[in-house]
Structures are given as structure tokens and as C-alpha cells.
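Data from input35.csv: CSV, C-alpha atoms and all ligand atoms
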chain,number,residue,atom,x,y,z
A,1,MET,CA,0.0,0.0,0.0
A,2,ASN,CA,3.1,2.3,0.0
A,3,TRP,CA,2.3,3.5,-3.5
A,4,LEU,CA,-1.1,4.7,-2.4
A,5,ASN,CA,0.2,6.4,0.7
A,6,ASN,CA,2.8,8.2,-1.5
A,7,LYS,CA,0.1,9.3,-4.0
A,8,ILE,CA,-2.1,10.5,-1.2
A,9,SER,CA,0.7,12.4,0.4
A,10,LYS,CA,1.7,14.0,-2.9
A,11,LEU,CA,-1.9,15.0,-3.7
A,12,SER,CA,-2.5,16.4,-0.2
A,13,LYS,CA,0.4,18.9,-0.8
A,14,LEU,CA,-1.3,20.5,-3.9
A,15,ASP,CA,-2.8,23.9,-3.8
A,16,VAL,CA,-6.5,23.0,-4.2
A,17,TYR,CA,-9.4,25.0,-5.5
A,18,GLU,CA,-10.9,26.5,-2.4
A,19,LYS,CA,-14.6,26.0,-2.0
A,20,PRO,CA,-15.9,29.1,-0.2
A,21,SER,CA,-18.2,28.6,2.7
A,22,SER,CA,-20.6,31.5,3.4
A,23,LYS,CA,-23.7,30.3,5.3
A,24,GLY,CA,-25.7,33.3,6.5
A,25,LEU,CA,-23.3,35.8,5.0
A,26,LEU,CA,-23.8,38.4,2.2
A,27,LYS,CA,-22.3,36.4,-0.6
A,28,MET,CA,-20.2,38.6,-2.8
A,29,ASN,CA,-17.3,36.1,-3.3
A,30,SER,CA,-18.2,33.6,-5.9
A,31,ASN,CA,-19.6,35.6,-8.9
A,32,GLU,CA,-23.1,34.1,-8.6
A,33,ASN,CA,-26.2,36.1,-9.5
A,34,PHE,CA,-28.5,37.0,-6.6
A,35,VAL,CA,-30.4,39.5,-8.7
A,36,ILE,CA,-32.4,36.5,-9.9
A,37,ASP,CA,-35.3,36.5,-7.4
A,38,THR,CA,-36.2,33.4,-5.4
A,39,GLN,CA,-39.8,33.3,-6.6
A,40,TYR,CA,-38.6,33.1,-10.2
A,41,GLN,CA,-36.1,30.4,-9.2
A,42,SER,CA,-38.8,28.3,-7.4
A,43,ASN,CA,-41.2,28.7,-10.3
A,44,ILE,CA,-38.6,27.3,-12.7
A,45,ILE,CA,-37.6,24.4,-10.4
A,46,THR,CA,-41.3,23.5,-9.6
A,47,LYS,CA,-42.2,23.5,-13.3
A,48,ALA,CA,-39.1,21.6,-14.2
A,49,SER,CA,-39.6,18.9,-11.6
A,50,LYS,CA,-43.3,18.4,-12.7
A,51,ASN,CA,-42.0,17.6,-16.2
A,52,CYS,CA,-39.6,14.9,-14.9
A,53,ASP,CA,-39.8,11.3,-13.7
A,54,VAL,CA,-36.6,11.0,-11.7
A,55,ARG,CA,-37.1,7.3,-11.2
A,56,ALA,CA,-35.7,7.0,-14.8
A,57,TYR,CA,-32.2,8.0,-16.0
A,58,PRO,CA,-32.4,11.4,-17.8
A,59,GLU,CA,-33.5,11.1,-21.4
A,60,ASN,CA,-34.0,14.7,-22.1
A,61,HIS,CA,-30.5,15.9,-22.9
A,62,GLU,CA,-31.2,16.1,-26.6
A,63,ASP,CA,-34.2,18.4,-26.0
A,64,PHE,CA,-31.9,20.7,-24.0
A,65,ILE,CA,-29.3,20.7,-26.7
A,66,LYS,CA,-32.1,21.6,-29.3
A,67,CYS,CA,-33.0,24.6,-27.1
A,68,LEU,CA,-29.3,25.7,-26.9
A,69,SER,CA,-29.0,25.2,-30.7
A,70,LYS,CA,-32.0,27.6,-31.2
A,71,TYR,CA,-30.7,30.1,-28.7
A,72,HIS,CA,-27.2,30.3,-30.3
A,73,LYS,CA,-28.3,29.6,-33.9
A,74,ILE,CA,-25.7,26.8,-33.9
A,75,SER,CA,-26.2,23.3,-35.2
A,76,ILE,CA,-27.0,20.7,-32.6
A,77,ASN,CA,-24.0,18.7,-33.7
A,78,LYS,CA,-21.7,21.4,-32.4
A,79,ILE,CA,-23.0,21.4,-28.8
A,80,GLY,CA,-21.8,19.3,-25.9
A,81,ILE,CA,-23.0,19.4,-22.3
A,82,GLY,CA,-21.6,18.8,-18.9
A,83,SER,CA,-22.1,19.0,-15.2
A,84,GLY,CA,-21.1,22.7,-15.0
A,85,SER,CA,-18.3,24.1,-17.1
A,86,ASP,CA,-15.8,22.9,-14.4
A,87,GLN,CA,-16.5,19.3,-15.4
A,88,ILE,CA,-16.2,20.1,-19.1
A,89,ILE,CA,-12.9,21.8,-18.6
A,90,ASP,CA,-11.7,18.9,-16.4
A,91,LEU,CA,-12.7,16.3,-19.1
A,92,LEU,CA,-11.0,18.3,-21.9
A,93,LEU,CA,-7.8,18.5,-19.8
A,94,THR,CA,-7.8,14.8,-18.8
A,95,ASN,CA,-8.5,13.6,-22.3
A,96,PHE,CA,-6.9,16.1,-24.7
A,97,ALA,CA,-3.9,17.3,-22.8
A,98,SER,CA,-0.9,15.4,-21.7
A,99,LYS,CA,2.4,15.9,-19.8
A,100,ARG,CA,4.1,16.4,-23.2
A,101,ILE,CA,2.2,19.5,-24.1
A,102,LYS,CA,2.3,23.1,-22.8
A,103,ILE,CA,-0.8,25.1,-22.2
A,104,LEU,CA,-0.8,28.9,-22.7
A,105,ILE,CA,-2.7,30.8,-20.0
A,106,SER,CA,-2.8,34.2,-18.5
A,107,ASN,CA,-1.6,34.9,-15.0
A,108,PRO,CA,-3.9,35.2,-13.1
A,109,THR,CA,-6.6,33.0,-14.7
A,110,PHE,CA,-9.6,31.0,-13.4
A,111,SER,CA,-8.1,29.3,-10.3
A,112,PHE,CA,-9.8,25.9,-10.9
A,113,PHE,CA,-8.2,25.7,-14.3
A,114,GLU,CA,-4.7,26.2,-12.9
A,115,ALA,CA,-5.4,23.8,-10.0
A,116,ARG,CA,-6.5,21.1,-12.4
A,117,CYS,CA,-3.3,21.6,-14.5
A,118,LYS,CA,-1.3,21.1,-11.3
A,119,LEU,CA,-3.3,18.0,-10.3
A,120,TYR,CA,-2.5,16.4,-13.6
A,121,SER,CA,1.1,17.7,-13.7
A,122,LEU,CA,0.3,19.6,-16.9
A,123,ARG,CA,2.8,22.3,-17.9
A,124,THR,CA,1.6,25.9,-18.4
A,125,ILE,CA,3.1,29.0,-19.9
A,126,LYS,CA,1.8,32.0,-18.1
A,127,VAL,CA,1.5,35.5,-19.6
A,128,PRO,CA,1.2,38.1,-16.8
A,129,PHE,CA,-1.3,40.9,-16.7
A,130,SER,CA,0.1,44.4,-16.9
A,131,ASP,CA,0.0,46.9,-13.9
A,132,SER,CA,-3.3,48.2,-15.2
A,133,MET,CA,-4.7,44.6,-15.3
A,134,ILE,CA,-4.6,44.3,-19.1
A,135,LEU,CA,-3.1,41.5,-21.2
A,136,ASN,CA,-0.7,42.7,-23.8
A,137,PHE,CA,-1.8,41.2,-27.1
A,138,ASN,CA,1.8,41.1,-28.6
A,139,GLN,CA,3.2,39.6,-25.5
A,140,PHE,CA,0.5,36.9,-25.5
A,141,MET,CA,1.0,36.2,-29.2
A,142,SER,CA,4.8,35.9,-28.8
A,143,LYS,CA,4.3,32.7,-26.7
A,144,PHE,CA,2.4,30.9,-29.4
A,145,ASP,CA,5.3,28.9,-30.8
A,146,ASP,CA,6.0,27.4,-27.4
A,147,ALA,CA,2.5,26.3,-26.6
A,148,ASP,CA,0.3,23.4,-27.9
A,149,MET,CA,-3.0,24.4,-26.3
A,150,LEU,CA,-4.5,27.7,-25.2
A,151,TYR,CA,-7.0,28.5,-22.5
A,152,LEU,CA,-8.4,32.0,-22.0
A,153,ASP,CA,-11.3,33.1,-19.8
A,154,SER,CA,-13.0,35.8,-21.7
A,155,PRO,CA,-13.7,38.0,-19.6
A,156,ASN,CA,-11.0,36.9,-17.3
A,157,ASN,CA,-11.6,35.9,-13.7
A,158,PRO,CA,-10.4,37.7,-11.5
A,159,THR,CA,-9.5,40.8,-13.4
A,160,GLY,CA,-12.6,41.3,-15.6
A,161,PHE,CA,-10.4,41.9,-18.6
A,162,GLN,CA,-11.5,40.9,-22.1
A,163,PHE,CA,-9.4,41.3,-25.3
A,164,SER,CA,-11.1,43.3,-28.1
A,165,LYS,CA,-13.1,41.2,-30.5
A,166,LEU,CA,-10.5,41.8,-33.2
A,167,ASP,CA,-7.6,40.7,-31.0
A,168,LEU,CA,-9.4,37.6,-29.8
A,169,ARG,CA,-10.3,36.7,-33.4
A,170,GLU,CA,-6.6,37.0,-34.4
A,171,ILE,CA,-5.6,34.9,-31.4
A,172,ILE,CA,-7.9,32.1,-32.5
A,173,ASP,CA,-6.9,32.5,-36.1
A,174,CYS,CA,-3.1,32.3,-35.4
A,175,PHE,CA,-2.9,29.7,-32.7
A,176,ASP,CA,-1.9,26.3,-34.0
A,177,GLY,CA,-3.7,23.9,-31.6
A,178,PRO,CA,-6.9,23.7,-29.5
A,179,VAL,CA,-8.1,27.0,-28.2
A,180,ILE,CA,-10.5,26.9,-25.2
A,181,ILE,CA,-12.3,30.1,-24.7
A,182,ASP,CA,-14.2,30.1,-21.3
A,183,GLU,CA,-17.2,32.5,-21.6
A,184,ALA,CA,-18.6,32.0,-18.1
A,185,TYR,CA,-19.0,35.9,-17.8
A,186,VAL,CA,-19.5,36.8,-21.4
A,187,ASP,CA,-23.1,37.9,-21.0
A,188,PHE,CA,-21.8,40.9,-19.0
A,189,ALA,CA,-19.4,41.9,-21.7
A,190,GLY,CA,-19.8,43.3,-25.2
A,191,TYR,CA,-19.3,40.3,-27.5
A,192,ASN,CA,-18.9,36.5,-27.6
A,193,VAL,CA,-17.1,34.2,-30.1
A,194,VAL,CA,-19.7,31.5,-30.5
A,195,ASP,CA,-20.0,32.4,-34.2
A,196,LEU,CA,-16.4,31.8,-34.8
A,197,THR,CA,-16.9,28.1,-34.1
A,198,LYS,CA,-18.4,27.9,-37.6
A,199,LYS,CA,-15.1,28.9,-39.1
A,200,TYR,CA,-12.4,27.5,-36.7
A,201,ASP,CA,-12.4,23.8,-36.0
A,202,ASN,CA,-9.8,24.3,-33.2
A,203,LEU,CA,-12.1,26.5,-31.2
A,204,ILE,CA,-13.9,25.3,-28.1
A,205,VAL,CA,-16.2,27.8,-26.4
A,206,VAL,CA,-17.2,26.8,-22.9
A,207,LYS,CA,-20.4,28.3,-21.3
A,208,THR,CA,-22.4,28.0,-18.1
A,209,PHE,CA,-25.8,28.6,-16.5
A,210,SER,CA,-24.0,29.6,-13.2
A,211,LYS,CA,-23.4,33.3,-13.8
A,212,ALA,CA,-25.8,35.4,-15.9
A,213,PHE,CA,-28.5,32.8,-15.8
A,214,GLY,CA,-28.1,32.6,-12.0
A,215,PHE,CA,-28.5,28.9,-11.5
A,216,ALA,CA,-25.1,27.8,-10.2
A,217,GLY,CA,-26.6,25.2,-8.0
A,218,LEU,CA,-28.0,23.3,-11.0
A,219,ARG,CA,-24.5,22.6,-12.3
A,220,LEU,CA,-25.4,23.1,-15.9
A,221,GLY,CA,-22.7,23.7,-18.5
A,222,TYR,CA,-22.1,23.3,-22.2
A,223,PHE,CA,-19.7,23.9,-25.0
A,224,ILE,CA,-19.7,24.8,-28.6
A,225,ALA,CA,-17.0,23.3,-30.9
A,226,ASP,CA,-16.3,21.4,-34.1
A,227,GLN,CA,-18.7,18.5,-34.5
A,228,ASN,CA,-15.8,15.9,-34.4
A,229,ILE,CA,-14.8,17.2,-31.0
A,230,VAL,CA,-18.4,17.2,-29.8
A,231,ASN,CA,-19.0,13.8,-31.1
A,232,VAL,CA,-16.0,12.2,-29.4
A,233,PHE,CA,-16.6,14.1,-26.2
A,234,MET,CA,-20.3,13.1,-26.0
A,235,LYS,CA,-19.8,9.5,-27.1
A,236,ALA,CA,-16.5,8.5,-25.6
A,237,ILE,CA,-15.5,11.0,-22.9
A,238,GLN,CA,-18.6,12.3,-21.1
A,239,TYR,CA,-20.4,10.2,-18.6
A,240,PRO,CA,-23.7,8.7,-19.9
A,241,TYR,CA,-25.8,11.0,-17.7
A,242,PRO,CA,-23.8,14.0,-16.6
A,243,ILE,CA,-26.8,16.3,-15.9
A,244,ASN,CA,-29.8,15.3,-13.9
A,245,SER,CA,-33.3,15.5,-15.5
A,246,ILE,CA,-34.5,18.4,-13.4
A,247,ALA,CA,-31.5,20.6,-14.3
A,248,LEU,CA,-32.0,19.7,-18.0
A,249,GLU,CA,-35.6,20.6,-17.9
A,250,ALA,CA,-34.9,23.9,-15.9
A,251,GLY,CA,-32.3,24.8,-18.5
A,252,LYS,CA,-34.9,24.5,-21.3
A,253,LEU,CA,-37.3,26.7,-19.3
A,254,LEU,CA,-34.5,29.3,-18.7
A,255,LEU,CA,-33.8,29.5,-22.4
A,256,GLN,CA,-37.5,30.2,-23.0
A,257,ASN,CA,-37.3,33.2,-20.6
A,258,ILE,CA,-34.5,35.1,-22.2
A,259,LYS,CA,-36.3,38.4,-22.0
A,260,LYS,CA,-36.4,38.3,-18.2
A,261,LEU,CA,-32.6,37.6,-18.3
A,262,SER,CA,-31.7,40.5,-20.4
A,263,GLY,CA,-33.3,43.0,-17.9
A,264,ILE,CA,-31.3,41.3,-15.1
A,265,ILE,CA,-28.0,41.5,-17.1
A,266,SER,CA,-28.5,45.2,-17.8
A,267,LEU,CA,-29.1,45.9,-14.1
A,268,ILE,CA,-25.9,44.0,-13.1
A,269,LYS,CA,-23.9,45.9,-15.7
A,270,ASN,CA,-25.2,49.2,-14.5
A,271,GLU,CA,-24.5,48.3,-10.9
A,272,ARG,CA,-21.0,47.1,-11.9
A,273,ASN,CA,-20.2,50.5,-13.5
A,274,LYS,CA,-21.6,52.2,-10.4
A,275,MET,CA,-19.5,50.0,-8.1
A,276,ILE,CA,-16.3,51.0,-10.1
A,277,LEU,CA,-17.2,54.7,-9.7
A,278,ASN,CA,-18.1,54.4,-6.0
A,279,LEU,CA,-14.9,52.5,-5.2
A,280,ARG,CA,-12.8,55.0,-7.1
A,281,LYS,CA,-14.5,57.9,-5.3
A,282,LEU,CA,-13.1,56.5,-2.0
A,283,ASN,CA,-9.6,57.5,-3.2
A,284,ALA,CA,-8.1,54.6,-1.3
A,285,PHE,CA,-7.8,51.8,-3.9
A,286,GLU,CA,-6.7,51.1,-7.4
A,287,VAL,CA,-9.9,49.9,-9.1
A,288,PHE,CA,-9.7,48.0,-12.4
A,289,ASN,CA,-12.2,48.1,-15.2
A,290,SER,CA,-14.4,45.0,-15.6
A,291,GLN,CA,-16.4,43.4,-18.3
A,292,ALA,CA,-17.8,40.8,-15.9
A,293,ASN,CA,-20.2,40.7,-12.9
A,294,PHE,CA,-17.4,41.5,-10.4
A,295,VAL,CA,-14.8,44.2,-9.7
A,296,LEU,CA,-11.2,43.7,-8.8
A,297,PHE,CA,-9.4,46.4,-6.7
A,298,ASP,CA,-6.1,46.7,-4.9
A,299,ALA,CA,-6.5,47.7,-1.3
A,300,LYS,CA,-2.7,47.6,-0.9
A,301,ASP,CA,-1.4,47.1,2.7
A,302,ASP,CA,-4.9,47.5,4.0
A,303,TYR,CA,-6.5,44.5,2.2
A,304,LEU,CA,-6.4,41.9,5.1
A,305,ARG,CA,-7.9,44.4,7.5
A,306,ILE,CA,-10.6,45.3,5.1
A,307,TYR,CA,-11.4,41.7,4.1
A,308,THR,CA,-11.6,40.6,7.7
A,309,ALA,CA,-13.6,43.5,8.9
A,310,LEU,CA,-16.1,43.0,6.1
A,311,ALA,CA,-16.4,39.3,7.0
A,312,GLU,CA,-17.0,40.2,10.6
A,313,GLN,CA,-19.9,42.3,9.4
A,314,GLY,CA,-21.3,39.4,7.4
A,315,ILE,CA,-20.0,40.6,4.0
A,316,LEU,CA,-18.0,38.0,2.2
A,317,ILE,CA,-15.7,39.0,-0.8
A,318,LYS,CA,-12.8,37.2,-2.4
A,319,LYS,CA,-9.3,37.7,-1.1
A,320,LEU,CA,-6.7,37.3,-3.7
A,321,GLY,CA,-3.7,39.2,-2.2
A,322,ARG,CA,-0.7,39.8,-4.5
A,323,ILE,CA,-1.3,40.0,-8.3
A,324,GLY,CA,1.9,41.2,-10.0
A,325,THR,CA,2.9,44.5,-8.5
A,326,HIS,CA,-0.4,44.8,-6.7
A,327,LYS,CA,-0.1,43.7,-3.1
A,328,GLY,CA,-3.6,43.5,-1.8
A,329,CYS,CA,-6.2,42.5,-4.4
A,330,LEU,CA,-9.8,41.9,-3.4
A,331,ARG,CA,-12.7,41.0,-5.8
A,332,VAL,CA,-16.3,41.8,-5.1
A,333,THR,CA,-19.2,40.2,-6.9
A,334,ILE,CA,-22.0,42.5,-8.1
A,335,GLY,CA,-25.2,41.6,-6.2
A,336,THR,CA,-28.6,43.3,-5.8
A,337,LYS,CA,-28.7,47.1,-5.4
A,338,ASP,CA,-29.2,46.5,-1.7
A,339,MET,CA,-26.2,44.2,-1.4
A,340,ASN,CA,-24.0,46.6,-3.3
A,341,SER,CA,-24.9,49.6,-1.2
A,342,LYS,CA,-24.4,47.6,2.0
A,343,PHE,CA,-20.9,46.8,0.7
A,344,ILE,CA,-20.0,50.3,-0.3
A,345,LEU,CA,-21.4,51.8,3.0
A,346,ALA,CA,-19.4,49.2,5.1
A,347,ILE,CA,-16.2,49.8,3.2
A,348,ARG,CA,-16.6,53.6,3.4
A,349,ASP,CA,-17.0,53.3,7.2
A,350,LEU,CA,-13.9,51.2,7.4
A,351,LEU,CA,-11.8,53.9,5.8
A,352,ARG,CA,-13.0,56.7,8.2
A,401,LIG,C1,-13.9,31.6,-15.6
A,401,LIG,C2,-14.8,30.6,-15.0
A,401,LIG,N1,-15.1,29.5,-15.7
A,401,LIG,C3,-15.9,28.6,-15.2
A,401,LIG,C4,-16.4,28.7,-13.9
A,401,LIG,C5,-17.3,27.5,-13.4
A,401,LIG,O1,-18.5,27.5,-13.8
A,401,LIG,P1,-19.5,26.3,-13.5
A,401,LIG,O2,-20.3,26.7,-12.4
A,401,LIG,O3,-20.3,26.2,-14.8
A,401,LIG,O4,-18.7,25.1,-13.2
A,401,LIG,C6,-16.1,29.8,-13.2
A,401,LIG,C7,-16.7,29.9,-11.8
A,401,LIG,O5,-16.4,30.7,-11.0
A,401,LIG,C8,-15.3,30.8,-13.7
A,401,LIG,O6,-14.9,31.8,-13.0
Could you show the structure in this file as C-alpha cells?
Amino acid sequence: MNWLNNKISKLSKLDVYEKPSSKGLLKMNSNENFVIDTQYQSNIITKASKNCDVRAYPENHEDFIKCLSKYHKISINKIGIGSGSDQIIDLLLTNFASKRIKILISNPTFSFFEARCKLYSLRTIKVPFSDSMILNFNQFMSKFDDADMLYLDSPNNPTGFQFSKLDLREIIDCFDGPVIIDEAYVDFAGYNVVDLTKKYDNLIVVKTFSKAFGFAGLRLGYFIADQNIVNVFMKAIQYPYPINSIALEAGKLLLQNIKKLSGIISLIKNERNKMILNLRKLNAFEVFNSQANFVLFDAKDDYLRIYTALAEQGILIKKLGRIGTHKGCLRVTIGTKDMNSKFILAIRDLLR
């Protein structure tokens, strides 16, 4: 059993993806969407569960894919599904990557992606963000020859940065290998690259119902890619029943209620822009622009005190610490108007 003990000891030393616990706190740490009201949520779930017989294995995944196909105006053969985008990313890594290849990423990037690369001993090439939390296009492109696979979250978590559409198109066009574009936050930004999957067979666009749609607990994710990738993923790689029947049914209902969603997204974008202005007005932090439903700011030497004092008042945000030259980065998720003003008032008081 020595081999197992060695393996366990090695695994236990890895930096793992930290699951935040926040029972009873104002949750502004995981980029979920609490603007979605609980009544709407329970209507969807009640209706979805009425349409399901959970004694049977889920047989409705094709209907869900049909709805996604209509929503994105993309052929059903180009859509694969998974239990959240986490699971899709994980399966893409375990089946398409290997220790021989190098994956180009930004630094920072979605922490789960990096944690998974570490778990599977996959090598990464990291391009750092600039001091103003921007990725330099030329610097990013200059690493292409050294890399075999590319992963970009667009917009990026935790900075909120997104390349211009033109730049991202050129990145996809020039990279010789699979390009995974993670669009978890794209509904809060100005553009997506779903259409480019019609032209580029190396492009895999990963999407989720956890952020703009506001149903993180359902664990509903999907991706759009070349039909050969989708075919092998769905037939050989993905579990036979990755998503439960109620989630699949709820996903269909959510896609039929897109009008409600666009109002919520507009509200979150307005609140995000207000949050950036309000944080800047405090004259204490460096606050970065964001195309997502969160805002990153550098609270410098004061970040631990601010993070802890907010938590003591029941407001949970994400503590990142050093990013490049920025010593004390914190990330706050945009919540309801009420949550956002509670956060701003609390942080204003802490600076008095
Ligand atoms: C960039 C990015 N991709 C994917 C995810 C995970 O999404 P899901 O809930 O679909 O697994 C997150 C969650 O925070 C994220 O930040």
C-alpha cells in the first residue's frame, strides 16, 4: 500500500481549488447572480420537476441541446454538455492534454483551471497581466510557438479583462492547436465568439448557467465546438448521464425566458459600473475596469484588515492578495442594489 500512501501524500500537498463557505453571510465572493429573485427560481424548479420522472435516467438531454441550438443559432452537432463548465474543462484536460504538451494561459486565470493543471502535472506557460490589469496582445501572441493548447477566460476571472473582439479573433486564427475560450462571464461583456466556431475547428467555447442565468446550484454547463470534438466528447468521454433530469428541464425553461434575463443582465452591468465609480471615489484603492459581474481592486497594505472587517460584518468577498505588483487584491461580486450599497457603506465606514 506504499504506492497509495505516496500518492495521497503528494496530492494532499497540492494547492487545491478552495470552495468558499458562506452560510448566512452576504455572498459577494463567488460571482453568482443573486439579482435573480427566489420566486422566479422556485417557479422554474417546480415546473421543471413536474415535467420529470426522476425514477428514470435522464433522457431529455437532446431536447436541452435543441434549445441551446435555437438560442445560439448553432447546429445541434456542435453542442456538448456537462455538469457545470468545471466538469467540461476537467474532461477536456484529462482527455486532450498530456504531460508532453504546454498550455498557454494568463496569470492570473480561473483558479480551478490552474489547480487542475497542477493536479494532472500539466505544464503551463503564463503570460502576466500588466499593472493596469490588461493582457498585452503582442506579449501573448509571442508565446504561441512554445504552446500546444490555449486557455483564456473571456472575460478573465479575477481581473474582468476581455481582449477586443478583433484581437481575440486574431488569437484564435493564429494559434496552431486547440483554443479553449471560457465564456462564463461573457453575457456581462460586449461580445462572444460563438459564431467563430463555424469557421475554426480548433475553437472550443465553454459556457455555463451559473453566472448570468443565475443557477449555479444546478451545475449546468455546455460547450460549442467542431462536431468531431463534440462527437468524441459526448460518445466516448462524457459520462452517460452527466446532468440530472430536473436541471436539464430547468435549462430548457430558462432558455425560454431570455427576456427576463436581459433585464437582469442590464441591471448588473449598471451596478458594476456604479460600483467601479463608487470604489474610485473613496480615493483609497486602485480599481480596475471590468467586463464581468465582479470588480477587482487593490487595497494595498490594508487588504487583510478590510477583508476581515467586512467578513465580521457578514459581507464575504474574495481575497486574492498579490497579483503582479499589486499587493492586496480583493474581488467583489455585483449583487442586488441593496447588497452593493451595503458593501459600499461598510467599506466607506472602514476607511474613516
Ligand atoms: C472563468 C470561469 N469558468 C468557469 C467557472 C465555473 O462555472 P461552472 O459553475 O459552470 O462550473 C467559473 C466559476 O467561477 C469561472 O470563474
Among the residues A:Leu310, A:Met275, A:Leu119, A:Val193, the one that comes closest to Val295 (chain A) [using only C-alpha atoms]: A:Met275
Selection as number ranges by chain: residues within 10 Å of ligand LIG 401 (chain A) by all atoms listed in the file: A: 29-32, 82-90, 109-113, 152-158, 160, 181-186, 206-211, 214-222, 292
Mind writing the picked residues with C-alpha atoms as a PDB file, in the coordinates of the input?
ATOM      1  CA  ASN A  29     -17.300  36.100  -3.300  1.00  0.00           C
ATOM      2  CA  SER A  30     -18.200  33.600  -5.900  1.00  0.00           C
ATOM      3  CA  ASN A  31     -19.600  35.600  -8.900  1.00  0.00           C
ATOM      4  CA  GLU A  32     -23.100  34.100  -8.600  1.00  0.00           C
ATOM      5  CA  GLY A  82     -21.600  18.800 -18.900  1.00  0.00           C
ATOM      6  CA  SER A  83     -22.100  19.000 -15.200  1.00  0.00           C
ATOM      7  CA  GLY A  84     -21.100  22.700 -15.000  1.00  0.00           C
ATOM      8  CA  SER A  85     -18.300  24.100 -17.100  1.00  0.00           C
ATOM      9  CA  ASP A  86     -15.800  22.900 -14.400  1.00  0.00           C
ATOM     10  CA  GLN A  87     -16.500  19.300 -15.400  1.00  0.00           C
ATOM     11  CA  ILE A  88     -16.200  20.100 -19.100  1.00  0.00           C
ATOM     12  CA  ILE A  89     -12.900  21.800 -18.600  1.00  0.00           C
ATOM     13  CA  ASP A  90     -11.700  18.900 -16.400  1.00  0.00           C
ATOM     14  CA  THR A 109      -6.600  33.000 -14.700  1.00  0.00           C
ATOM     15  CA  PHE A 110      -9.600  31.000 -13.400  1.00  0.00           C
ATOM     16  CA  SER A 111      -8.100  29.300 -10.300  1.00  0.00           C
ATOM     17  CA  PHE A 112      -9.800  25.900 -10.900  1.00  0.00           C
ATOM     18  CA  PHE A 113      -8.200  25.700 -14.300  1.00  0.00           C
ATOM     19  CA  LEU A 152      -8.400  32.000 -22.000  1.00  0.00           C
ATOM     20  CA  ASP A 153     -11.300  33.100 -19.800  1.00  0.00           C
ATOM     21  CA  SER A 154     -13.000  35.800 -21.700  1.00  0.00           C
ATOM     22  CA  PRO A 155     -13.700  38.000 -19.600  1.00  0.00           C
ATOM     23  CA  ASN A 156     -11.000  36.900 -17.300  1.00  0.00           C
ATOM     24  CA  ASN A 157     -11.600  35.900 -13.700  1.00  0.00           C
ATOM     25  CA  PRO A 158     -10.400  37.700 -11.500  1.00  0.00           C
ATOM     26  CA  GLY A 160     -12.600  41.300 -15.600  1.00  0.00           C
ATOM     27  CA  ILE A 181     -12.300  30.100 -24.700  1.00  0.00           C
ATOM     28  CA  ASP A 182     -14.200  30.100 -21.300  1.00  0.00           C
ATOM     29  CA  GLU A 183     -17.200  32.500 -21.600  1.00  0.00           C
ATOM     30  CA  ALA A 184     -18.600  32.000 -18.100  1.00  0.00           C
ATOM     31  CA  TYR A 185     -19.000  35.900 -17.800  1.00  0.00           C
ATOM     32  CA  VAL A 186     -19.500  36.800 -21.400  1.00  0.00           C
ATOM     33  CA  VAL A 206     -17.200  26.800 -22.900  1.00  0.00           C
ATOM     34  CA  LYS A 207     -20.400  28.300 -21.300  1.00  0.00           C
ATOM     35  CA  THR A 208     -22.400  28.000 -18.100  1.00  0.00           C
ATOM     36  CA  PHE A 209     -25.800  28.600 -16.500  1.00  0.00           C
ATOM     37  CA  SER A 210     -24.000  29.600 -13.200  1.00  0.00           C
ATOM     38  CA  LYS A 211     -23.400  33.300 -13.800  1.00  0.00           C
ATOM     39  CA  GLY A 214     -28.100  32.600 -12.000  1.00  0.00           C
ATOM     40  CA  PHE A 215     -28.500  28.900 -11.500  1.00  0.00           C
ATOM     41  CA  ALA A 216     -25.100  27.800 -10.200  1.00  0.00           C
ATOM     42  CA  GLY A 217     -26.600  25.200  -8.000  1.00  0.00           C
ATOM     43  CA  LEU A 218     -28.000  23.300 -11.000  1.00  0.00           C
ATOM     44  CA  ARG A 219     -24.500  22.600 -12.300  1.00  0.00           C
ATOM     45  CA  LEU A 220     -25.400  23.100 -15.900  1.00  0.00           C
ATOM     46  CA  GLY A 221     -22.700  23.700 -18.500  1.00  0.00           C
ATOM     47  CA  TYR A 222     -22.100  23.300 -22.200  1.00  0.00           C
ATOM     48  CA  ALA A 292     -17.800  40.800 -15.900  1.00  0.00           C
TER      49      ALA A 292
END
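For the atom pair formed by CA of Cys174 (chain A) and CA of Ile74 (chain A), the distance is 23.3 Å, given to one decimal.
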Among the residues A:Ile171, A:Phe297, A:Tyr120, A:Leu267, the one that comes closest to Ser142 (chain A) [using only C-alpha atoms]: A:Ile171
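The space separating CA of Gln39 (chain A) from CA of Val332 (chain A) comes to 25.0 Å.
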Interatomic distance, CA of Lys13 (chain A) to CA of Asp301 (chain A) (Å, one decimal): 28.5 Å
Pull the closest atom pair for each residue of region 188-289 of chain A that gets at most 10 Å from region 333-346 of chain A, along with the distance in Å to one decimal, counting all atoms listed in the file, ordering rows by chain and then ascending residue number, as CSV.
residue,atom,partner,partner_atom,distance
A:Ile264,CA,A:Thr336,CA,9.9
A:Leu267,CA,A:Thr336,CA,8.7
A:Ile268,CA,A:Ile334,CA,6.5
A:Lys269,CA,A:Ile334,CA,8.5
A:Asn270,CA,A:Ile334,CA,9.8
A:Glu271,CA,A:Ile334,CA,6.9
A:Arg272,CA,A:Ile334,CA,6.0
A:Asn273,CA,A:Ile334,CA,9.8
A:Lys274,CA,A:Asn340,CA,9.4
A:Met275,CA,A:Asn340,CA,7.4
A:Asn278,CA,A:Ile344,CA,7.3
A:Leu279,CA,A:Ile344,CA,7.4
A:Leu282,CA,A:Ile344,CA,9.4
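All residues of protein, DNA or RNA that reach within 6 Å of region 102-105 of chain A, judged by all atoms listed in the file and not counting those fewer than 2 positions away in the chain, are Arg123, Thr124, Ile125, Lys126, Ala147, Asp148, Met149, Leu150 and Tyr151 of chain A.
The list of residues with at least one atom within 10 Å of Met234 (chain A), based on all atoms listed in the file and without residues fewer than 3 positions apart in the same chain, reads Ile79, Gly80, Ile81, Gly82, Asn228, Ile229, Val230, Asn231, Ile237, Gln238, Tyr239 and Pro240 of chain A.
The shortest atom-to-atom distance to Pro108 (chain A), with all atoms listed in the file taken into account, belongs to A:Leu320 out of A:Leu122, A:Leu351, A:Ala56, A:Leu320.
Minimum atom-to-atom distances from A:Met133, A:Ala115, A:Leu203, A:Asp146 to Arg100 (chain A) were compared using all atoms listed in the file, and the lowest value belongs to A:Asp146.
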Shell around region 44-53 of chain A at 7 Å using only C-alpha atoms, local window under 4 positions removed, as a ChimeraX atom specification: /A:40,245-246,249-250,253
The selected residues should be written to file as a PDB file, keeping the file's coordinate frame (atoms: C-alpha atoms).
ATOM      1  CA  TYR A  40     -38.600  33.100 -10.200  1.00  0.00           C
ATOM      2  CA  SER A 245     -33.300  15.500 -15.500  1.00  0.00           C
ATOM      3  CA  ILE A 246     -34.500  18.400 -13.400  1.00  0.00           C
ATOM      4  CA  GLU A 249     -35.600  20.600 -17.900  1.00  0.00           C
ATOM      5  CA  ALA A 250     -34.900  23.900 -15.900  1.00  0.00           C
ATOM      6  CA  LEU A 253     -37.300  26.700 -19.300  1.00  0.00           C
TER       7      LEU A 253
END
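Minimum atom-to-atom distance to Ser69 (chain A), evaluated using all atoms listed in the file, belongs to A:Val194 out of A:Val194, A:Gln313, A:Gln291, A:Asn6.
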Contacts of Asp201 (chain A) at 10 Å (all atoms listed in the file; same-chain gap of 5+ positions) as a PyMOL selection string: chain A and resi 177-179+196+225-229
Best match for closeness to Leu255 (chain A) among A:Lys66, A:Lys300, A:Lys10, A:Lys78, counting all atoms listed in the file: A:Lys66
